[in-house]
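Colleague: Sending over upload08.txt (compact mmCIF, C-alpha atoms and all ligand atoms).
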# COMPACT_ATOMS: atom_id res chain seq x y z
CA MET M 13 113.78 122.21 121.95
CA ALA M 14 110.65 120.29 121.07
CA ALA M 15 107.33 122.07 121.57
CA GLU M 16 104.02 120.79 122.90
CA ALA M 17 101.96 119.25 120.13
CA PRO M 18 99.18 121.58 118.93
CA ALA M 19 95.71 120.22 118.17
CA SER M 20 94.85 121.94 114.89
CA THR M 21 95.48 120.83 111.34
CA MET M 22 99.16 120.93 110.44
CA TYR M 23 101.23 120.10 107.34
CA GLY M 24 103.48 117.11 106.81
CA THR M 25 106.39 116.88 104.39
CA ALA M 26 106.66 113.12 103.94
CA ARG M 27 104.73 112.96 100.63
CA GLY M 28 106.72 115.46 98.65
CA SER M 29 106.27 119.09 97.79
CA PRO M 30 103.92 120.83 98.37
CA PRO M 31 103.31 119.59 101.95
CA THR M 32 100.07 117.76 102.75
CA ARG M 33 97.53 118.68 105.42
CA VAL M 34 97.50 116.48 108.53
CA GLY M 35 94.63 116.32 110.97
CA THR M 36 94.93 114.99 114.51
CA VAL M 37 92.34 114.39 117.19
CA ARG M 38 93.19 113.34 120.75
CA SER M 39 90.98 111.79 123.38
CA LYS M 40 91.15 109.57 126.48
CA LEU M 41 89.61 106.27 127.51
CA SER M 42 87.60 106.34 130.71
CA PRO M 43 89.54 104.73 133.62
CA GLU M 44 87.09 101.80 133.65
CA LEU M 45 87.45 101.20 129.91
CA LEU M 46 91.23 101.48 130.11
CA ASP M 47 91.26 98.84 132.83
CA TYR M 48 88.96 96.58 130.79
CA LEU M 49 91.01 96.85 127.59
CA ALA M 50 94.40 96.64 129.28
CA SER M 51 93.39 93.46 131.10
CA ASP M 52 92.39 91.67 127.90
CA PRO M 53 93.87 88.17 128.28
CA MET M 54 95.63 88.59 124.94
CA LEU M 55 97.77 91.38 126.40
CA VAL M 56 98.88 89.62 129.57
CA ASP M 57 101.72 87.68 127.90
CA GLU M 58 103.54 89.41 125.06
CA THR M 59 105.43 86.17 124.32
CA GLY M 60 102.15 84.34 123.59
CA PRO M 61 100.53 83.36 120.27
CA GLY M 62 100.62 86.02 117.61
CA PHE M 63 103.56 87.95 119.11
CA GLN M 64 107.18 87.98 118.06
CA GLN M 65 110.32 89.63 119.38
CA CYS M 66 111.58 92.49 117.20
CA SER M 67 114.72 94.62 117.10
CA ASP M 68 114.44 98.20 115.90
CA TYR M 69 117.37 99.40 118.00
CA PRO M 70 120.27 96.91 117.64
CA ASP M 71 122.66 99.39 119.27
CA VAL M 72 120.53 99.27 122.44
CA PRO M 73 120.54 95.54 123.26
CA GLY M 74 119.01 96.22 126.68
CA HIS M 75 115.78 97.43 125.10
CA THR M 76 113.20 94.67 124.62
CA TYR M 77 110.44 94.93 122.02
CA TYR M 78 107.65 92.47 121.24
CA GLU M 79 104.97 93.03 118.65
CA GLY M 80 101.78 91.11 117.88
CA TYR M 81 99.89 91.32 114.60
CA PHE M 82 96.11 90.93 114.69
CA HIS M 83 92.92 92.10 113.01
CA SER M 84 89.91 93.74 114.64
CA GLN M 85 87.09 92.43 112.43
CA CYS M 86 84.03 91.04 114.21
CA ASP M 87 84.49 87.65 112.57
CA ALA M 88 87.36 85.91 114.36
CA ALA M 89 88.50 83.98 111.28
CA PRO M 90 92.05 84.93 110.17
CA VAL M 91 92.29 87.59 107.46
CA TRP M 92 94.78 87.25 104.58
CA SER M 93 96.40 90.66 104.87
CA VAL M 94 99.69 92.48 105.21
CA ASN M 95 101.92 92.06 108.22
CA PRO M 96 102.66 95.74 108.89
CA ARG M 97 106.27 94.94 109.81
CA THR M 98 107.25 92.68 106.90
CA GLY M 99 104.84 94.09 104.30
CA SER M 100 103.87 90.55 103.22
CA ASN M 101 100.46 88.86 103.34
CA PHE M 102 99.76 86.23 105.98
CA HIS M 103 96.74 84.82 107.77
CA LYS M 104 96.34 87.50 110.40
CA PRO M 105 94.66 86.19 113.55
CA ALA M 106 91.93 88.01 115.43
CA ALA M 107 92.75 90.31 118.32
CA GLY M 108 91.16 89.74 121.71
CA ILE M 109 87.43 90.29 121.69
CA ARG M 110 87.59 93.39 123.94
CA LEU M 111 89.92 95.22 121.59
CA ARG M 112 87.91 94.13 118.56
CA ALA M 113 84.71 95.39 120.16
CA PHE M 114 86.28 98.79 120.94
CA LEU M 115 87.68 99.17 117.43
CA GLU M 116 84.42 98.05 115.83
CA LEU M 117 82.62 100.85 117.69
CA ALA M 118 85.30 103.35 116.65
CA ARG M 119 84.96 102.11 113.06
CA ARG M 120 81.21 102.69 113.14
CA ASN M 121 81.68 106.17 114.62
CA PHE M 122 84.25 107.36 112.09
CA SER M 123 83.54 105.58 108.79
CA ALA M 124 80.57 107.68 107.65
CA HIS M 125 82.45 110.87 108.55
CA ILE M 126 85.41 109.87 106.41
CA GLU M 127 83.24 108.62 103.59
CA SER M 128 81.40 111.94 103.32
CA ALA M 129 84.71 113.84 103.32
CA ILE M 130 86.33 111.96 100.43
CA LYS M 131 83.52 110.41 98.38
CA ASP M 132 83.42 113.23 95.82
CA LEU M 133 87.14 113.16 94.95
CA ARG M 134 87.41 112.08 91.31
CA LYS M 135 90.25 110.47 89.37
CA ASN M 136 92.25 110.18 92.55
CA ARG M 137 93.48 106.61 93.01
CA SER M 138 94.53 107.05 96.65
CA ALA M 139 91.14 108.50 97.56
CA GLU M 140 89.30 105.74 95.68
CA THR M 141 91.29 103.02 97.45
CA LEU M 142 90.76 104.62 100.84
CA LEU M 143 87.04 104.99 100.18
CA SER M 144 86.66 101.34 99.17
CA LEU M 145 88.58 100.21 102.27
CA VAL M 146 86.41 102.33 104.56
CA ARG M 147 83.24 101.05 102.89
CA ALA M 148 84.49 97.48 103.31
CA GLY M 149 84.87 97.96 107.06
CA LYS M 150 88.68 98.00 107.04
CA LEU M 151 89.13 101.22 109.02
CA PHE M 152 91.15 100.46 112.20
CA GLY M 153 90.99 96.83 111.04
CA ASP M 154 94.71 96.12 111.40
CA CYS M 155 95.68 95.96 115.02
CA ALA M 156 99.36 95.77 116.03
CA VAL M 157 100.15 95.46 119.75
CA GLN M 158 103.56 96.82 120.72
CA VAL M 159 105.29 96.07 124.02
CA HIS M 160 108.52 97.83 125.06
CA TYR M 161 110.66 97.72 128.21
CA GLY M 162 114.28 97.84 129.36
CA ASP M 163 116.84 100.48 128.35
CA ALA M 164 115.61 103.82 127.11
CA ILE M 165 115.19 104.92 123.51
CA GLU M 166 115.71 108.65 123.87
CA PRO M 167 116.53 111.74 121.82
CA PRO M 168 118.52 113.00 120.22
CA GLY M 169 120.56 110.10 118.88
CA ARG M 170 118.40 107.06 119.31
CA LEU M 171 115.06 108.10 117.89
CA GLY M 172 114.05 106.18 114.77
CA TRP M 173 112.57 108.86 112.51
CA HIS M 174 110.32 107.53 109.73
CA CYS M 175 106.97 107.97 108.00
CA ASP M 176 104.43 105.15 107.76
CA ALA M 177 103.10 103.29 104.73
CA PRO M 178 99.68 104.30 103.28
CA ASN M 179 97.87 101.85 105.59
CA SER M 180 98.38 104.56 108.24
CA LEU M 181 96.53 107.26 106.30
CA ILE M 182 94.05 106.96 109.16
CA HIS M 183 95.79 105.59 112.22
CA MET M 184 94.64 105.25 115.81
CA GLY M 185 97.23 104.98 118.59
CA ILE M 186 95.96 103.67 121.94
CA ALA M 187 98.17 103.81 125.04
CA LEU M 188 97.21 101.00 127.43
CA HIS M 189 100.15 100.81 129.85
CA GLY M 190 103.38 102.68 130.60
CA ARG M 191 104.34 105.96 128.99
CA ARG M 192 106.04 106.95 125.76
CA ALA M 193 106.42 110.13 123.73
CA LEU M 194 105.51 110.71 120.10
CA HIS M 195 107.90 113.11 118.34
CA CYS M 196 106.67 114.71 115.11
CA LYS M 197 108.05 117.02 112.44
CA LEU M 198 105.23 119.22 111.20
CA LYS M 199 104.62 122.68 109.76
CA SER M 200 101.94 124.99 111.14
CA ALA M 201 101.55 126.65 107.73
CA ILE M 202 102.13 125.34 104.24
CA ASP M 203 105.03 127.74 103.70
CA GLY M 204 106.25 127.71 107.31
CA ASP M 205 109.27 126.04 108.88
CA VAL M 206 109.20 122.46 110.10
CA SER M 207 108.91 122.31 113.88
CA HIS M 208 109.61 119.39 116.19
CA THR M 209 106.70 118.64 118.51
CA VAL M 210 106.48 116.09 121.29
CA GLN M 211 103.39 114.55 122.83
CA TRP M 212 103.64 112.24 125.85
CA GLN M 213 101.24 109.32 125.74
CA GLU M 214 99.93 108.28 129.15
CA PRO M 215 97.76 105.20 129.80
CA GLY M 216 94.33 105.79 128.26
CA ASP M 217 95.51 108.39 125.73
CA VAL M 218 94.14 107.90 122.23
CA TYR M 219 94.94 109.81 119.06
CA VAL M 220 93.91 109.54 115.42
CA SER M 221 96.14 111.04 112.74
CA SER M 222 97.87 110.33 109.41
CA PRO M 223 101.50 109.34 110.19
CA THR M 224 101.82 108.34 106.53
CA CYS M 225 102.25 112.05 105.82
CA PHE M 226 104.75 113.29 108.39
CA GLU M 227 108.03 112.21 109.93
CA HIS M 228 107.76 110.90 113.46
CA ALA M 229 109.60 108.83 116.06
CA VAL M 230 108.79 107.31 119.44
CA GLN M 231 110.69 107.84 122.70
CA TYR M 232 110.65 105.11 125.35
CA PRO M 233 111.92 105.92 128.85
CA GLU M 234 113.88 103.26 130.71
CA CYS M 235 111.45 100.98 132.53
CA CYS M 236 111.11 97.51 134.01
CA HIS M 237 108.74 94.86 132.72
CA GLY M 238 106.16 95.85 135.33
CA SER M 239 106.05 99.37 133.91
CA ARG M 240 106.29 98.26 130.29
CA VAL M 241 104.79 100.25 127.46
CA ILE M 242 101.79 98.55 125.81
CA ALA M 243 100.39 100.44 122.85
CA VAL M 244 97.97 99.45 120.11
CA GLN M 245 98.41 100.77 116.57
CA ALA M 246 95.17 100.45 114.57
CA ARG M 247 95.66 100.90 110.82
CA LEU M 248 93.73 100.21 107.62
CA LEU M 249 93.43 96.48 107.03
CA VAL M 250 95.00 95.95 103.59
CA ASP M 251 96.47 93.17 101.50
CA GLU M 252 99.60 93.49 99.38
CA ALA M 253 97.70 94.45 96.22
CA GLU M 254 95.89 97.26 98.02
CA LEU M 255 99.00 98.50 99.82
CA TYR M 256 101.39 98.47 96.87
CA GLY M 257 98.98 99.12 94.01
CA GLY M 258 96.20 101.18 95.52
CA PHE M 259 97.91 104.41 96.42
CA HIS M 260 99.94 105.24 93.32
CA GLY M 261 98.52 107.33 90.50
CA VAL M 262 99.75 109.36 87.56
CA ASN M 263 99.52 112.69 89.41
CA GLN M 264 100.92 111.42 92.67
CA GLU M 265 101.61 114.69 94.51
CA ARG M 266 98.39 116.31 93.33
CA ASP M 267 96.41 113.26 94.49
CA TRP M 268 98.00 113.26 97.93
CA CYS M 269 97.40 116.99 98.42
CA GLU M 270 93.78 116.71 97.28
CA LEU M 271 93.12 113.70 99.48
CA MET M 272 94.72 115.24 102.57
CA ASP M 273 92.97 118.59 102.00
CA ALA M 274 89.76 116.63 102.57
CA LEU M 275 90.97 114.03 105.06
CA GLY M 276 93.05 116.27 107.38
CA PRO M 277 90.16 118.56 108.42
CA ALA M 278 87.83 115.54 108.61
CA ILE M 279 90.12 113.84 111.13
CA SER M 280 90.57 117.08 113.12
CA SER M 281 86.80 117.36 113.44
CA PHE M 282 86.23 113.77 114.62
CA ASP M 283 83.97 113.47 117.62
CA LYS M 284 86.31 113.14 120.62
CA GLN M 285 83.73 111.08 122.46
CA LEU M 286 84.99 107.52 122.77
CA PRO M 287 82.80 104.49 123.55
CA SER M 288 81.99 103.82 127.20
CA LEU M 289 82.76 100.61 129.05
CA GLU M 290 79.09 99.66 128.75
CA ASP M 291 79.17 100.28 125.00
CA VAL M 292 82.21 98.02 124.61
CA LYS M 293 80.78 95.28 126.82
CA GLY M 294 77.59 95.42 124.78
CA MET M 295 79.58 94.98 121.57
CA VAL M 296 81.57 92.11 123.10
CA HIS M 297 78.28 90.38 123.84
CA GLN M 298 77.00 91.08 120.33
CA ILE M 299 80.15 89.72 118.67
CA ALA M 300 80.21 86.67 120.90
CA THR M 301 76.53 86.00 120.20
CA ASP M 302 76.69 86.61 116.46
CA LYS M 303 79.98 84.89 115.74
CA ALA M 304 81.53 81.58 116.63
CA ASP M 305 84.09 83.04 119.00
CA ALA M 306 82.21 83.09 122.26
CA VAL M 307 85.21 81.18 123.61
CA GLN M 308 87.17 84.43 123.72
CA THR M 309 84.81 85.93 126.30
CA GLU M 310 86.27 83.68 128.98
CA PRO M 311 89.95 84.17 129.77
CA SER M 312 90.30 80.65 131.09
CA ILE M 313 89.46 79.31 127.65
CA VAL M 314 91.78 81.71 125.84
CA TRP M 315 94.70 79.86 127.36
CA GLN M 316 93.50 76.74 125.60
CA ARG M 317 94.51 78.28 122.30
CA PRO M 318 97.03 76.17 120.38
CA SER M 319 100.70 76.73 121.04
CA HIS M 320 102.67 79.28 119.03
CA GLU M 321 104.30 76.42 117.08
CA ALA M 322 100.94 74.85 116.29
CA MET M 323 99.52 78.20 115.14
CA GLN M 324 102.57 78.76 112.94
CA ALA M 325 102.25 75.28 111.42
CA LEU M 326 98.63 75.94 110.47
CA ALA M 327 99.52 79.38 109.11
CA THR M 328 102.13 77.68 106.91
CA ALA M 329 99.48 75.20 105.75
CA ASN M 330 97.17 78.07 104.87
CA GLU M 331 99.92 79.78 102.90
CA PHE M 332 100.60 76.64 100.85
CA GLU M 333 96.89 76.21 100.28
CA ALA M 334 96.62 79.81 99.07
CA ALA M 335 99.53 79.16 96.71
CA GLY M 336 97.83 76.03 95.35
CA ASP M 337 100.32 73.53 96.80
CA LEU M 338 97.90 71.10 98.42
CA THR M 339 100.56 68.45 99.11
CA GLN M 340 102.56 70.81 101.31
CA ALA M 341 99.34 72.21 102.79
CA LYS M 342 98.32 68.69 103.86
CA HIS M 343 101.78 68.02 105.31
CA TRP M 344 101.57 71.17 107.48
CA ILE M 345 98.01 70.41 108.57
CA ILE M 346 99.23 67.06 109.85
CA GLU M 347 102.10 68.82 111.61
CA ALA M 348 99.74 71.38 113.17
CA THR M 349 97.52 68.56 114.43
CA ARG M 350 100.56 66.74 115.83
CA LEU M 351 101.45 69.93 117.73
CA GLY M 352 98.00 70.00 119.29
CA HIS M 353 96.06 72.30 116.97
CA SER M 354 92.31 71.65 117.07
CA LEU M 355 91.82 73.07 113.52
CA LYS M 356 88.96 75.16 114.90
CA LYS M 357 87.95 78.22 112.91
CA GLU M 358 88.63 80.70 115.68
CA HIS M 359 92.27 79.56 115.69
CA GLY M 360 92.81 79.70 111.95
CA GLY M 361 91.33 76.33 110.91
CA TRP M 362 87.96 75.55 109.40
CA LYS M 363 86.09 73.41 111.94
FE FE P 401 105.31 105.04 112.60
For the file at hand, write its structure as structure tokens.
Modeller:
Amino acid sequence: MAAEAPASTMYGTARGSPPTRVGTVRSKLSPELLDYLASDPMLVDETGPGFQQCSDYPDVPGHTYYEGYFHSQCDAAPVWSVNPRTGSNFHKPAAGIRLRAFLELARRNFSAHIESAIKDLRKNRSAETLLSLVRAGKLFGDCAVQVHYGDAIEPPGRLGWHCDAPNSLIHMGIALHGRRALHCKLKSAIDGDVSHTVQWQEPGDVYVSSPTCFEHAVQYPECCHGSRVIAVQARLLVDEAELYGGFHGVNQERDWCELMDALGPAISSFDKQLPSLEDVKGMVHQIATDKADAVQTEPSIVWQRPSHEAMQALATANEFEAAGDLTQAKHWIIEATRLGHSLKKEHGGWK
């Protein structure tokens, strides 16, 4: 029988032996902020630009799952970074401005706290990479939006147990709609037994933890589209070189234990106070004023974004350009234009 999830620092077993410390902090959006974030125009249609249909549970064909891959940097230009599902670089588009504003405020709240916790770790490649990412403003910079509905994904047989890649060393989960349960396998003491905990996520629930370091799975109750689960997973914004080369050192287990001994308690002691609606609206205004994406402040204009096909054509052009194949890049730019792409910067172009 799964137990209620405790709040204190625990130990995860996903990074070898000995187990690593895991910190978790939980909080809740105010009802007004939840309503503001959940009604971001980007979230209204999970079949829109940036989203794709996924299948994690092929034996449950009645379960529908869409996922969108975005970044939460203030600048709306696409960021060449890892798709957290495929593990390959692509030009990641910007999330809606409300979500970016919220995550920018969270980034500002937490970055200094993390930096002070890990900055003195020496000869620890994982810690050095994490520190450089935090200093570069990449904390909570990768923003995946997950939408689930239809048949249930329930224990015991259907849960997909896994541990995340190192881009989830600091991971924020935000529940915006519907309900789901996070199942975790954790130890309460370094030499204790692994226990199975379960934490239901209701709309507005927010947690920060390190699912890179412990096994976990998500339960989705049966629901219709109107009650669908919408959850945001905010990870470190990394490219392939950082993800695959930045977290491996000579003394791998020692490095992980040392890093998590510092990071786990730091996460547990995060300030639970989340930004207010006024804070987030203020940041939306600041981003829209500072950057060339004021268009995203008005939902009616968001729908003027290029079609999914046009966005994909331009993304392909950008990939060829990055690879140095300018002939193919030009071909796909022409195709993107034919499909109605404006080539504007906020949609992945340069104008
Ligand atoms: Fe996960």
Colleague: Dump the neighbourhood of ligand FE 401 (chain P) as a list in words: all residues within 9 Å, distances computed on only C-alpha atoms and all ligand atoms.
Modeller: Trp173, His174, Cys175, Asp176, Ala177, Ser180, Pro223, Thr224, Glu227, His228, Ala229 and Val230 of chain M
Colleague: Work out how far apart atom CA of M:Cys66 and atom CA of M:Ala118 are and give it in Å to one decimal.
Modeller: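 Answer for the atom CA of M:Cys66 to atom CA of M:Ala118 separation: 28.4 Å.
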Colleague: Which protein, DNA or RNA residues are at most 9 Å from (106.0, 115.4, 107.0) in the file's coordinates when you count all atoms listed in the file, listed as a ChimeraX atom specification?
Modeller: /M:23-28,31-32,34,175,196-199,206,223-228
Colleague: If we count only C-alpha atoms and set the cut-off at 8 Å, which residues sit around M:Leu117, ignoring sequence neighbours fewer than 2 positions away in its own chain? Please answer as a list in words.
Modeller: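 Surrounding residues, per the criterion: Ala113, Phe114, Leu115, Arg119, Arg120, Asn121, Pro287, Val292 and Met295 of chain M.
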Colleague: Using Å and a single decimal, report how far atom CA of M:Gln298 sits from atom CA of M:Gly108.
Modeller: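 These atoms are spaced 14.3 Å apart.
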Colleague: If you count only C-alpha atoms, which residues fall within 7 Å of M:Asp251, apart from same-chain ones fewer than 2 positions away, as JSON, numbers by chain?
Modeller: {"M": [92, 93, 94, 101, 253, 254, 255]}
Colleague: Contacts of M:Arg192 at 6 Å or less, counting all atoms listed in the file, minus same-chain residues fewer than 2 places along, as a list in words?
Modeller: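 That gives Trp212, Gln213, Gln231 and Tyr232 of chain M.
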Colleague: Distance cut-off 8 Å, centre (94.7, 112.4, 111.6) in file coordinates, counting only C-alpha atoms: which residues qualify? Return them as a tab-separated table (two decimals) with C-alpha atoms, keeping the file's coordinate frame.
Modeller:
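Written out: point_9.tsv:
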chain	number	residue	atom	x	y	z
M	34	VAL	CA	97.50	116.48	108.53
M	35	GLY	CA	94.63	116.32	110.97
M	36	THR	CA	94.93	114.99	114.51
M	37	VAL	CA	92.34	114.39	117.19
M	181	LEU	CA	96.53	107.26	106.30
M	182	ILE	CA	94.05	106.96	109.16
M	183	HIS	CA	95.79	105.59	112.22
M	219	TYR	CA	94.94	109.81	119.06
M	220	VAL	CA	93.91	109.54	115.42
M	221	SER	CA	96.14	111.04	112.74
M	222	SER	CA	97.87	110.33	109.41
M	223	PRO	CA	101.50	109.34	110.19
M	275	LEU	CA	90.97	114.03	105.06
M	276	GLY	CA	93.05	116.27	107.38
M	279	ILE	CA	90.12	113.84	111.13
M	280	SER	CA	90.57	117.08	113.12
Colleague: Excluding M:Phe102 and residues on its chain fewer than 3 positions from it, collect all residues at most 12 Å away from it, counting all atoms listed in the file, and give them as a ChimeraX atom specification.
Modeller: /M:62,81-83,90-99,105,250-252,324,326-335,360
Colleague: Please, could you write that set of residues out with C-alpha atoms as a compact mmCIF listing (two decimals), in the frame of the given file?
Modeller:
# COMPACT_ATOMS: atom_id res chain seq x y z
CA GLY M 62 100.62 86.02 117.61
CA TYR M 81 99.89 91.32 114.60
CA PHE M 82 96.11 90.93 114.69
CA HIS M 83 92.92 92.10 113.01
CA PRO M 90 92.05 84.93 110.17
CA VAL M 91 92.29 87.59 107.46
CA TRP M 92 94.78 87.25 104.58
CA SER M 93 96.40 90.66 104.87
CA VAL M 94 99.69 92.48 105.21
CA ASN M 95 101.92 92.06 108.22
CA PRO M 96 102.66 95.74 108.89
CA ARG M 97 106.27 94.94 109.81
CA THR M 98 107.25 92.68 106.90
CA GLY M 99 104.84 94.09 104.30
CA PRO M 105 94.66 86.19 113.55
CA VAL M 250 95.00 95.95 103.59
CA ASP M 251 96.47 93.17 101.50
CA GLU M 252 99.60 93.49 99.38
CA GLN M 324 102.57 78.76 112.94
CA LEU M 326 98.63 75.94 110.47
CA ALA M 327 99.52 79.38 109.11
CA THR M 328 102.13 77.68 106.91
CA ALA M 329 99.48 75.20 105.75
CA ASN M 330 97.17 78.07 104.87
CA GLU M 331 99.92 79.78 102.90
CA PHE M 332 100.60 76.64 100.85
CA GLU M 333 96.89 76.21 100.28
CA ALA M 334 96.62 79.81 99.07
CA ALA M 335 99.53 79.16 96.71
CA GLY M 360 92.81 79.70 111.95
Colleague: Ranking M:Glu347, M:Phe122, M:Ala107, M:Ser42 by minimum distance to M:Ala89 and counting all atoms listed in the file, which one comes first?
Modeller: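 Looking only at the distances to M:Ala89, the closest residue turns out to be M:Ala107.
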Colleague: I'd like the neighbourhood of M:Glu234 as a ChimeraX atom specification, where a residue qualifies if any of its atoms comes within 10 Å (using all atoms listed in the file), though same-chain residues fewer than 2 positions away should be ignored.
Modeller: /M:74-75,160-166,192,231-232,236,239-240
Colleague: So, with only C-alpha atoms as the atoms that count, which of M:Ser84, M:Ser29, M:Ser354, M:Thr21 lies closest to M:Val296?
Modeller: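 Of all the options, M:Ser84 lies closest to M:Val296.
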Colleague: Find the nearest atom pair between each residue of stretch 77-172 of chain M and stretch 299-303 of chain M for residues within 10 Å, count only C-alpha atoms, give distances in Å to one decimal, sort rows by chain and ascending number, and present the table as a tab-separated table.
Modeller:
residue	atom	partner	partner_atom	distance
M:Gln85	CA	M:Ile299	CA	9.7
M:Cys86	CA	M:Ile299	CA	6.1
M:Asp87	CA	M:Lys303	CA	6.2
M:Ala88	CA	M:Lys303	CA	7.6
M:Ala89	CA	M:Lys303	CA	9.7
M:Ile109	CA	M:Ile299	CA	7.9
M:Arg110	CA	M:Ile299	CA	9.8
M:Arg112	CA	M:Ile299	CA	8.9
M:Ala113	CA	M:Ile299	CA	7.4
M:Glu116	CA	M:Ile299	CA	9.8
Colleague: Once you add 8 Å to each side, what are the centre and edge lengths of the axis-aligned box holding all listed atoms of stretch 127-138 of chain M? One decimal in Å, as JSON, if you can.
Modeller:
{"center_x": 88.0, "center_y": 110.2, "center_z": 96.5, "size_x": 29.1, "size_y": 23.2, "size_z": 30.2}
Colleague: Quick check, in Å to one decimal: how far apart do atom CA of M:Met22 and atom CA of M:Pro277 lie?
Modeller: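 The value is 9.5 Å.
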Colleague: Find, counting all atoms listed in the file, the residue in M:Pro168, M:Pro215, M:Gly294, M:Gly361 that gets nearest to M:Val241.
Modeller: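 Ranking M:Pro168, M:Pro215, M:Gly294, M:Gly361 by distance to M:Val241, first place goes to M:Pro215.
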